$ cat target_11.csv   # CSV, C-alpha atoms
chain,number,residue,atom,x,y,z
A,9,MET,CA,-14.9,35.4,9.9
A,10,ILE,CA,-11.6,34.3,11.3
A,11,LEU,CA,-12.7,30.7,10.6
A,12,ASP,CA,-13.6,31.6,7.1
A,13,ILE,CA,-10.1,33.0,6.5
A,14,ILE,CA,-8.5,30.0,8.1
A,15,SER,CA,-10.4,27.6,5.9
A,16,ALA,CA,-9.7,29.7,2.8
A,17,ALA,CA,-6.0,29.6,3.7
A,18,LEU,CA,-6.1,25.8,4.1
A,19,ILE,CA,-7.7,25.6,0.7
A,20,LEU,CA,-5.0,27.8,-0.6
A,21,LEU,CA,-2.4,25.5,0.8
A,22,GLY,CA,-4.1,22.6,-0.9
A,23,GLY,CA,-3.9,24.5,-4.1
A,24,VAL,CA,-0.2,25.2,-3.5
A,25,LEU,CA,0.5,21.5,-3.0
A,26,SER,CA,-1.4,20.6,-6.1
A,27,LEU,CA,0.6,23.2,-8.1
A,28,ALA,CA,3.8,21.8,-6.7
A,29,ALA,CA,2.8,18.3,-7.8
A,30,ALA,CA,2.0,19.6,-11.3
A,31,LEU,CA,5.3,21.5,-11.5
A,32,GLY,CA,7.0,18.3,-10.4
A,33,LEU,CA,5.2,16.4,-13.2
A,34,LEU,CA,6.3,18.9,-15.7
A,35,ARG,CA,9.9,19.3,-14.6
A,36,PHE,CA,11.1,16.0,-13.4
A,37,GLY,CA,12.5,13.6,-15.9
A,38,ASP,CA,11.8,10.2,-14.5
A,39,LEU,CA,8.8,8.1,-13.6
A,40,LEU,CA,9.9,7.6,-10.0
A,41,SER,CA,10.6,11.3,-9.6
A,42,ARG,CA,7.2,12.2,-10.9
A,43,MET,CA,5.7,9.7,-8.5
A,44,HIS,CA,7.5,11.4,-5.7
A,45,ALA,CA,6.1,14.7,-6.8
A,46,SER,CA,2.5,13.6,-7.4
A,47,ALA,CA,1.9,12.0,-4.1
A,48,LYS,CA,1.7,15.2,-2.2
A,49,PRO,CA,-1.7,16.7,-3.0
A,50,GLN,CA,-3.4,13.3,-3.0
A,51,VAL,CA,-3.0,12.9,0.8
A,52,LEU,CA,-1.8,16.2,2.3
A,53,GLY,CA,-3.7,18.6,0.1
A,54,LEU,CA,-6.9,16.6,0.5
A,55,LEU,CA,-6.3,16.5,4.2
A,56,MET,CA,-6.1,20.3,4.3
A,57,VAL,CA,-9.2,20.7,2.3
A,58,ALA,CA,-11.0,18.2,4.6
A,59,VAL,CA,-9.9,20.2,7.6
A,60,ALA,CA,-11.3,23.3,6.0
A,61,ILE,CA,-14.6,21.6,5.5
A,62,GLY,CA,-14.6,20.4,9.0
A,63,ILE,CA,-13.9,23.9,10.3
A,64,GLN,CA,-16.7,25.3,8.4
A,65,TYR,CA,-19.3,22.7,9.2
A,66,PRO,CA,-18.4,20.9,12.4
A,67,THR,CA,-21.3,18.4,12.5
A,68,TRP,CA,-20.9,14.8,13.2
A,69,SER,CA,-22.1,13.6,9.8
A,70,THR,CA,-19.7,15.8,7.9
A,71,VAL,CA,-16.7,15.0,10.1
A,72,THR,CA,-17.2,11.3,10.0
A,73,THR,CA,-17.6,11.3,6.2
A,74,LEU,CA,-14.4,13.4,6.0
A,75,ALA,CA,-12.6,10.8,8.2
A,76,ILE,CA,-13.8,8.1,5.9
A,77,ILE,CA,-12.5,9.9,2.9
A,78,ILE,CA,-9.1,10.7,4.5
A,79,SER,CA,-8.6,7.1,5.8
A,80,PHE,CA,-9.6,5.8,2.4
A,81,GLN,CA,-7.0,8.0,0.7
A,82,LEU,CA,-4.3,7.0,3.3
A,83,VAL,CA,-5.0,3.3,2.6
A,84,THR,CA,-5.3,3.3,-1.1
A,85,ILE,CA,-2.8,5.9,-2.3
A,86,PRO,CA,0.3,3.9,-1.1
A,87,VAL,CA,-1.1,0.7,-2.7
A,88,ALA,CA,-1.7,2.4,-6.1
A,89,THR,CA,1.7,4.2,-6.0
A,90,HIS,CA,3.4,0.9,-5.1
A,91,MET,CA,1.7,-0.8,-8.0
A,92,VAL,CA,2.6,1.9,-10.5
A,93,GLY,CA,6.3,1.9,-9.3
A,94,ARG,CA,6.4,-1.9,-9.5
A,95,ALA,CA,5.0,-1.9,-13.0
A,96,GLY,CA,7.4,0.9,-14.0
A,97,TYR,CA,10.4,-1.1,-12.6
A,98,ARG,CA,9.4,-4.3,-14.3
A,99,THR,CA,8.8,-2.6,-17.7
A,100,LYS,CA,12.0,-0.6,-17.5
A,101,HIS,CA,10.3,2.8,-17.4
A,102,LEU,CA,13.0,4.3,-15.3
A,103,ARG,CA,16.4,5.8,-15.9
A,104,ARG,CA,19.2,3.7,-14.5
A,105,SER,CA,21.5,6.7,-14.4
A,106,MET,CA,19.3,8.5,-11.9
A,107,LEU,CA,19.4,5.7,-9.4
A,108,TYR,CA,22.0,5.8,-6.7
A,109,ARG,CA,21.3,2.3,-5.4
A,110,ASP,CA,19.2,-0.4,-7.0
A,111,GLU,CA,18.5,-2.8,-4.2
A,112,LEU,CA,15.7,-4.5,-6.0
A,113,ALA,CA,18.1,-5.6,-8.7
A,114,GLU,CA,20.1,-7.6,-6.2
A,115,ALA,CA,17.0,-9.3,-4.9
A,116,VAL,CA,15.9,-10.1,-8.5
A,117,ASP,CA,19.3,-11.5,-9.2
A,118,ARG,CA,19.2,-13.7,-6.1
A,119,ALA,CA,15.7,-14.9,-7.0
A,120,GLU,CA,16.7,-15.8,-10.5
A,121,ALA,CA,19.9,-17.5,-9.3
A,122,ARG,CA,17.8,-19.6,-6.9
A,123,GLU,CA,15.4,-20.5,-9.7
A,124,LEU,CA,18.2,-21.5,-12.0
A,125,ALA,CA,19.8,-23.6,-9.3
A,126,TRP,CA,16.5,-25.3,-8.6
A,127,GLU,CA,15.9,-26.1,-12.3
A,128,ARG,CA,19.4,-27.4,-12.7
A,129,ARG,CA,19.0,-29.6,-9.7
A,130,ARG,CA,15.8,-31.1,-11.0
A,131,GLY,CA,17.5,-31.7,-14.2
A,132,THR,CA,14.5,-30.9,-16.3
A,133,GLY,CA,15.6,-27.6,-17.8
A,134,THR,CA,13.1,-24.9,-17.5
A,135,ASP,CA,10.0,-25.0,-15.6
A,136,PRO,CA,7.1,-25.9,-17.8
A,137,ASN,CA,4.9,-23.5,-15.9
A,138,ASP,CA,7.0,-20.6,-17.0
A,139,GLY,CA,5.5,-20.6,-20.5
B,6,MET,CA,-11.2,44.2,5.1
B,7,SER,CA,-11.5,40.6,6.0
B,8,GLN,CA,-13.9,40.0,3.2
B,9,ILE,CA,-11.2,41.3,0.8
B,10,VAL,CA,-8.7,38.9,2.3
B,11,LEU,CA,-11.1,36.0,2.0
B,12,ASP,CA,-11.9,36.8,-1.6
B,13,THR,CA,-8.3,37.1,-2.5
B,14,LEU,CA,-7.5,33.7,-0.9
B,15,VAL,CA,-10.3,32.0,-2.7
B,16,VAL,CA,-9.4,33.5,-6.1
B,17,VAL,CA,-5.7,32.6,-5.7
B,18,ALA,CA,-6.5,29.1,-4.6
B,19,SER,CA,-8.8,28.5,-7.6
B,20,VAL,CA,-6.2,29.9,-10.0
B,21,LEU,CA,-3.5,27.6,-8.5
B,22,LEU,CA,-5.8,24.6,-8.8
B,23,ALA,CA,-6.6,25.4,-12.4
B,24,ALA,CA,-3.0,25.9,-13.3
B,25,SER,CA,-2.0,22.6,-11.7
B,26,ALA,CA,-4.8,20.8,-13.7
B,27,VAL,CA,-3.6,22.4,-16.9
B,28,MET,CA,0.0,21.4,-16.2
B,29,ALA,CA,-1.0,17.8,-15.4
B,30,LEU,CA,-3.0,17.7,-18.6
B,31,TYR,CA,0.1,18.8,-20.5
B,32,ARG,CA,1.9,15.8,-18.9
B,33,ILE,CA,-0.9,13.5,-19.9
B,34,ILE,CA,-0.6,14.7,-23.5
B,35,ARG,CA,3.2,14.6,-23.6
B,36,GLY,CA,4.0,11.8,-21.2
B,37,PRO,CA,6.5,9.3,-22.5
B,38,SER,CA,4.8,6.2,-21.1
B,39,ILE,CA,1.4,5.2,-20.0
B,40,LEU,CA,2.5,5.2,-16.4
B,41,ASP,CA,3.4,8.9,-16.6
B,42,ARG,CA,-0.1,9.6,-18.0
B,43,MET,CA,-1.6,7.6,-15.1
B,44,ILE,CA,0.3,9.6,-12.5
B,45,ALA,CA,-0.7,12.9,-14.2
B,46,THR,CA,-4.3,11.6,-14.2
B,47,ASP,CA,-4.0,11.1,-10.5
B,48,VAL,CA,-2.8,14.7,-10.1
B,49,VAL,CA,-5.7,16.0,-12.2
B,50,LEU,CA,-8.0,14.0,-10.0
B,51,ALA,CA,-6.4,15.3,-6.8
B,52,SER,CA,-6.9,18.9,-8.1
B,53,ILE,CA,-10.5,18.2,-8.9
B,54,MET,CA,-11.0,16.8,-5.4
B,55,CYS,CA,-9.3,19.8,-3.8
B,56,GLY,CA,-11.4,22.2,-5.8
B,57,LEU,CA,-14.6,20.3,-5.0
B,58,GLY,CA,-13.7,20.3,-1.3
B,59,GLY,CA,-13.0,24.0,-1.4
B,60,PHE,CA,-16.3,24.6,-3.1
B,61,MET,CA,-18.0,22.5,-0.4
B,62,ALA,CA,-16.2,24.4,2.4
B,63,LEU,CA,-17.1,27.8,1.0
B,64,SER,CA,-20.6,27.3,-0.3
B,65,GLY,CA,-22.0,24.8,2.2
B,66,ARG,CA,-22.8,22.0,-0.2
B,67,THR,CA,-21.8,19.3,2.1
B,68,ASP,CA,-24.2,16.9,0.4
B,69,LEU,CA,-21.4,16.5,-2.2
B,70,LEU,CA,-19.2,14.6,0.1
B,71,PRO,CA,-20.0,11.2,-1.4
B,72,VAL,CA,-18.7,12.6,-4.7
B,73,LEU,CA,-15.3,12.9,-3.0
B,74,ILE,CA,-15.5,9.2,-2.0
B,75,VAL,CA,-16.3,8.2,-5.5
B,76,LEU,CA,-13.5,10.3,-7.0
B,77,ALA,CA,-11.0,8.7,-4.5
B,78,MET,CA,-12.1,5.2,-5.4
B,79,LEU,CA,-12.0,6.1,-9.1
B,80,GLY,CA,-8.4,7.2,-8.8
B,81,PHE,CA,-7.4,4.1,-6.9
B,82,VAL,CA,-9.1,1.7,-9.3
B,83,GLY,CA,-7.7,3.4,-12.3
B,84,SER,CA,-4.1,3.4,-11.1
B,85,VAL,CA,-4.2,-0.2,-10.0
B,86,SER,CA,-5.8,-1.5,-13.2
B,87,VAL,CA,-3.6,0.4,-15.6
B,88,SER,CA,-0.4,-0.5,-13.7
B,89,ARG,CA,-1.6,-4.1,-13.6
B,90,TYR,CA,-1.9,-4.5,-17.3
B,91,VAL,CA,0.9,-2.3,-18.5
B,92,SER,CA,3.4,-4.3,-20.5
B,93,LYS,CA,6.9,-3.9,-21.9
B,94,SER,CA,5.7,-3.4,-25.4
B,95,ASP,CA,3.9,-0.1,-24.6
B,96,SER,CA,5.6,2.5,-26.6
B,97,MET,CA,7.1,5.6,-25.2
B,98,THR,CA,6.7,8.8,-27.2
B,99,PRO,CA,10.1,9.5,-28.6
B,100,GLY,CA,11.5,12.9,-27.8
B,101,ALA,CA,9.0,13.6,-25.1
B,102,GLU,CA,11.7,14.0,-22.4
B,103,VAL,CA,13.4,16.8,-24.2
B,104,GLY,CA,11.7,19.6,-22.3
B,105,SER,CA,12.7,18.1,-18.9
B,106,LEU,CA,16.3,17.6,-17.7
B,107,SER,CA,18.0,18.0,-21.0
B,108,ASP,CA,21.3,16.6,-19.9
B,109,PHE,CA,20.1,13.1,-20.0
B,110,THR,CA,20.1,11.5,-23.4
B,111,SER,CA,17.4,9.3,-24.8
B,112,SER,CA,19.6,6.3,-24.4
B,113,ASP,CA,18.9,6.4,-20.7
B,114,TRP,CA,15.5,5.0,-21.4
B,115,HIS,CA,15.9,1.3,-21.3
B,116,MET,CA,13.4,0.6,-24.0
B,117,PRO,CA,13.9,-1.8,-26.8
B,118,GLN,CA,13.0,0.5,-29.6
B,119,GLU,CA,15.3,3.3,-28.4
B,120,SER,CA,18.5,1.3,-29.0
B,121,ALA,CA,19.6,-0.1,-32.3
B,122,ASP,CA,20.9,-3.4,-30.9
B,123,GLY,CA,17.8,-4.0,-28.9
B,124,SER,CA,18.2,-7.6,-27.8
B,125,GLN,CA,21.8,-7.3,-26.7
B,126,THR,CA,21.3,-4.3,-24.5
B,127,GLU,CA,18.1,-5.7,-23.3
B,128,THR,CA,19.7,-8.8,-21.9
B,129,GLY,CA,22.4,-6.7,-20.4
B,130,SER,CA,20.1,-4.3,-18.8
B,131,THR,CA,17.5,-6.7,-17.5
B,132,THR,CA,19.9,-8.2,-15.0
B,133,GLY,CA,20.4,-4.9,-13.5
B,134,GLN,CA,23.9,-5.8,-12.2
B,135,PRO,CA,26.1,-2.8,-11.6
B,136,THR,CA,29.0,-4.6,-13.1
B,137,GLU,CA,27.4,-4.7,-16.5
B,138,ALA,CA,25.5,-1.4,-16.3
B,139,ASP,CA,28.4,0.7,-15.2
B,140,GLY,CA,31.0,-0.9,-17.4
B,141,GLY,CA,32.9,-3.2,-15.0
B,142,GLU,CA,32.8,-0.9,-12.1
B,143,GLU,CA,33.3,-2.5,-8.7
B,144,TRP,CA,30.4,-3.0,-6.5
B,145,PRO,CA,30.3,-1.1,-3.2
B,146,ASP,CA,31.6,-3.0,-0.3
B,147,ASP,CA,28.3,-3.5,1.5
B,148,VAL,CA,26.7,-4.7,-1.6
B,149,ALA,CA,29.4,-7.2,-2.2
B,150,ARG,CA,29.2,-8.4,1.3
B,151,GLY,CA,25.5,-8.7,1.1
B,152,ILE,CA,25.7,-10.8,-2.0
B,153,SER,CA,28.5,-13.1,-0.7
B,154,ASP,CA,26.8,-13.8,2.5
B,155,VAL,CA,23.8,-15.3,0.8
B,156,ALA,CA,24.2,-19.0,0.5
B,157,ASP,CA,22.4,-19.3,-2.9
B,158,GLY,CA,23.7,-16.1,-4.4
B,159,PRO,CA,24.9,-15.7,-7.9
B,160,ASP,CA,28.3,-17.2,-7.2
B,161,ALA,CA,26.9,-20.5,-6.1
B,162,VAL,CA,25.0,-21.0,-9.3
B,163,THR,CA,28.0,-21.3,-11.5
B,164,VAL,CA,28.9,-24.5,-9.8
B,165,HIS,CA,26.8,-27.0,-11.6
B,166,ASP,CA,26.8,-30.7,-12.7
B,167,ASP,CA,27.1,-32.0,-9.2
B,168,GLU,CA,24.3,-31.5,-6.8
B,169,GLU,CA,25.9,-30.8,-3.5
B,170,PRO,CA,27.4,-27.3,-3.6
B,171,VAL,CA,24.2,-25.8,-4.7
B,172,THR,CA,22.1,-25.1,-1.6
B,173,VAL,CA,18.6,-24.6,-2.6
B,174,GLY,CA,16.1,-23.5,0.0
B,175,LEU,CA,14.5,-26.3,2.1
B,176,ASP,CA,14.8,-29.4,-0.1
B,177,GLN,CA,18.1,-30.7,1.0
B,178,GLY,CA,16.9,-33.8,2.6
B,179,THR,CA,14.1,-34.6,0.2
B,180,ASP,CA,14.2,-36.5,-3.0
B,181,PRO,CA,14.6,-34.1,-5.8
B,182,ASP,CA,12.4,-36.2,-8.1
B,183,ALA,CA,9.5,-36.1,-5.7
B,184,GLU,CA,7.0,-33.8,-7.4
B,185,GLY,CA,5.0,-33.0,-4.4
B,186,GLU,CA,2.5,-30.4,-5.0
B,187,GLY,CA,2.3,-29.2,-1.5
B,188,LEU,CA,5.9,-29.4,-0.6
B,189,GLY,CA,6.6,-25.8,-1.5
B,190,ILE,CA,10.2,-26.5,-2.5
B,191,GLY,CA,10.1,-24.6,-5.7
B,192,PRO,CA,10.9,-21.0,-6.1
B,193,ASP,CA,8.0,-18.7,-5.5
B,194,PRO,CA,6.5,-18.0,-8.9
B,195,GLY,CA,5.2,-14.7,-7.8
B,196,PRO,CA,1.8,-13.4,-8.4
B,197,ASP,CA,2.1,-12.6,-12.0
B,198,ASP,CA,2.8,-15.8,-13.9
B,199,SER,CA,-0.5,-17.4,-13.2
B,200,ASP,CA,-2.6,-16.1,-16.0
B,201,ASP,CA,-0.9,-15.9,-19.3
B,202,GLY,CA,2.5,-16.1,-21.0
B,203,ASP,CA,2.8,-12.4,-21.5
B,204,ARG,CA,4.0,-11.6,-18.1
B,205,THR,CA,6.2,-8.5,-17.8
B,206,GLY,CA,8.7,-9.8,-15.4
B,207,PRO,CA,12.2,-11.0,-16.2
B,208,GLU,CA,12.0,-14.3,-17.8
B,209,PRO,CA,14.4,-16.9,-16.4
B,210,GLU,CA,15.3,-18.4,-19.8
B,211,GLU,CA,16.6,-15.2,-21.2
B,212,GLU,CA,18.3,-14.3,-18.0
B,213,GLU,CA,20.4,-17.4,-18.1
B,214,GLY,CA,22.8,-16.0,-20.7
B,215,GLY,CA,22.9,-12.6,-19.1
B,216,SER,CA,23.6,-13.4,-15.6
B,217,ARG,CA,26.8,-15.3,-16.2
$ encode --input "target_11.csv" --output "structure tokens"
Amino acid sequence: MILDIISAALILLGGVLSLAAALGLLRFGDLLSRMHASAKPQVLGLLMVAVAIGIQYPTWSTVTTLAIIISFQLVTIPVATHMVGRAGYRTKHLRRSMLYRDELAEAVDRAEARELAWERRRGTGTDPNDG
Amino acid sequence: MSQIVLDTLVVVASVLLAASAVMALYRIIRGPSILDRMIATDVVLASIMCGLGGFMALSGRTDLLPVLIVLAMLGFVGSVSVSRYVSKSDSMTPGAEVGSLSDFTSSDWHMPQESADGSQTETGSTTGQPTEADGGEEWPDDVARGISDVADGPDAVTVHDDEEPVTVGLDQGTDPDAEGEGLGIGPDPGPDDSDDGDRTGPEPEEEEGGSR
């Protein structure tokens, strides 16, 4: 019975994290802020729910399947979030006024300057591969 | 007594999950861009996964564990595919940011249709330099040092016509007319300009006017 209450409390914590993410989605005003809010239940909430399942049914098949699910989430969620943020940066879906530092802009400027210098040195104008 | 506590915890958890799913659905409907909708879809999917896991923990249906794997993979594939094919021409719903953080005006969104002089502000904003974005404000000291230490930074590009002051990567000793395919002397084109002309990255042609 104690284990039942512990697992129910873990599920409740998962629900609290999910609610926090939804509140962040509602209240934050930027794509990057919403990404910051939405990453919590995807990893930590699901980890808590998985621990609850593992407490209730501690068999090897259940625990290994839960380990597969958690490791899959831990691998794929940063990749997906990185791609969303990269697409958001490149398509200007962010507010410049909410950024304290934009370090990627400096890297983009350096890369563009390097490309310009290379094209000018070749003397052929723009790269024909650039469309 | 403990049964009452258990039932209360379960009811509260289900109410929280339902509320989070409803709020994320509101963001899907109202979201300014498709990326916001994608993030809200991920949150809905996380809520569904948490609710399904709780159902499995409380009812013993551990045969539903592959459904969790399928949902996780669905969220990953959806996010990656949508963010891969999002483009700059995707419209943002105007006025959708009113309900959140009302002290930011809509001109903060650097979208072409939001501003009247779209092309001019676009070339100004795509460079992302703080000197143009903040109205001639000085760069921080560490940023200025970081730029000036780089040999092929933006300052070295303004020197043109003669070849020597421009230091470009690795091809100092080689013939610049040698079009070796495998030399690797060119700039890294990145992973995105290999398929079509509609890439979403900053184009170097239009950046030439903006970066000087």
$ closest_atom_pairs --input "target_11.csv" --of "chain A" --to "chain B" --cutoff "7 Å" --atoms "all atoms listed in the file" --output "tab-separated table"
residue	atom	partner	partner_atom	distance
A:Ile13	CA	B:Leu11	CA	5.5
A:Ala16	CA	B:Leu14	CA	5.9
A:Ala17	CA	B:Leu14	CA	6.3
A:Ile19	CA	B:Gly59	CA	5.9
A:Leu20	CA	B:Ala18	CA	4.5
A:Gly22	CA	B:Cys55	CA	6.6
A:Gly23	CA	B:Leu22	CA	5.1
A:Val24	CA	B:Leu21	CA	6.5
A:Ser26	CA	B:Ser25	CA	6.0
A:Leu27	CA	B:Ser25	CA	4.5
A:Ala30	CA	B:Ser25	CA	5.0
A:Leu33	CA	B:Arg32	CA	6.6
A:Leu34	CA	B:Arg32	CA	6.3
A:Arg35	CA	B:Ser105	CA	5.3
A:Phe36	CA	B:Ser105	CA	6.1
A:Gly37	CA	B:Ser105	CA	5.4
A:Leu39	CA	B:Asp41	CA	6.2
A:Met43	CA	B:Ile44	CA	6.7
A:Ser46	CA	B:Val48	CA	6.0
A:Pro49	CA	B:Ala51	CA	6.2
A:Gln50	CA	B:Ala51	CA	5.2
A:Gly53	CA	B:Cys55	CA	6.9
A:Leu54	CA	B:Cys55	CA	5.9
A:Val57	CA	B:Gly58	CA	5.8
A:Ala58	CA	B:Gly58	CA	6.8
A:Ala60	CA	B:Ala62	CA	6.2
A:Ile61	CA	B:Ala62	CA	4.5
A:Gln64	CA	B:Ala62	CA	6.1
A:Ile77	CA	B:Ile74	CA	5.8
A:Gln81	CA	B:Ala77	CA	6.6
A:Thr84	CA	B:Phe81	CA	6.2
A:Ile85	CA	B:Phe81	CA	6.7
A:Ala88	CA	B:Val85	CA	5.3
A:Met91	CA	B:Ser88	CA	6.1
A:Val92	CA	B:Ser88	CA	5.0
A:Ala95	CA	B:Ser88	CA	5.6
A:Gly96	CA	B:Leu40	CA	6.9
A:Arg98	CA	B:Gly206	CA	5.7
A:Thr99	CA	B:Lys93	CA	4.8
A:Lys100	CA	B:His115	CA	5.8
A:His101	CA	B:Trp114	CA	6.9
A:Leu102	CA	B:Trp114	CA	6.6
A:Arg103	CA	B:Asp113	CA	5.4
A:Arg104	CA	B:Asp113	CA	6.8
A:Ser105	CA	B:Asp113	CA	6.8
A:Ala113	CA	B:Gly133	CA	5.4
A:Asp117	CA	B:Thr132	CA	6.7
A:Arg118	CA	B:Gly158	CA	5.4
A:Glu120	CA	B:Pro209	CA	6.4
A:Ala121	CA	B:Pro159	CA	5.5
A:Arg122	CA	B:Asp157	CA	6.1
A:Glu123	CA	B:Pro192	CA	5.8
A:Ala125	CA	B:Val162	CA	5.8
A:Trp126	CA	B:Val173	CA	6.4
A:Arg129	CA	B:Glu168	CA	6.3
A:Arg130	CA	B:Pro181	CA	6.1
A:Gly139	CA	B:Gly202	CA	5.4
$ atom_distance --input "target_11.csv" --atom1 "atom CA of A:Leu112" --atom2 "atom CA of A:Glu127"
22.5 Å
$ atom_distance --input "target_11.csv" --atom1 "atom CA of A:Ala47" --atom2 "atom CA of A:Ala29"
7.4 Å
$ atom_distance --input "target_11.csv" --atom1 "atom CA of A:Asp12" --atom2 "atom CA of A:Trp68"
19.3 Å
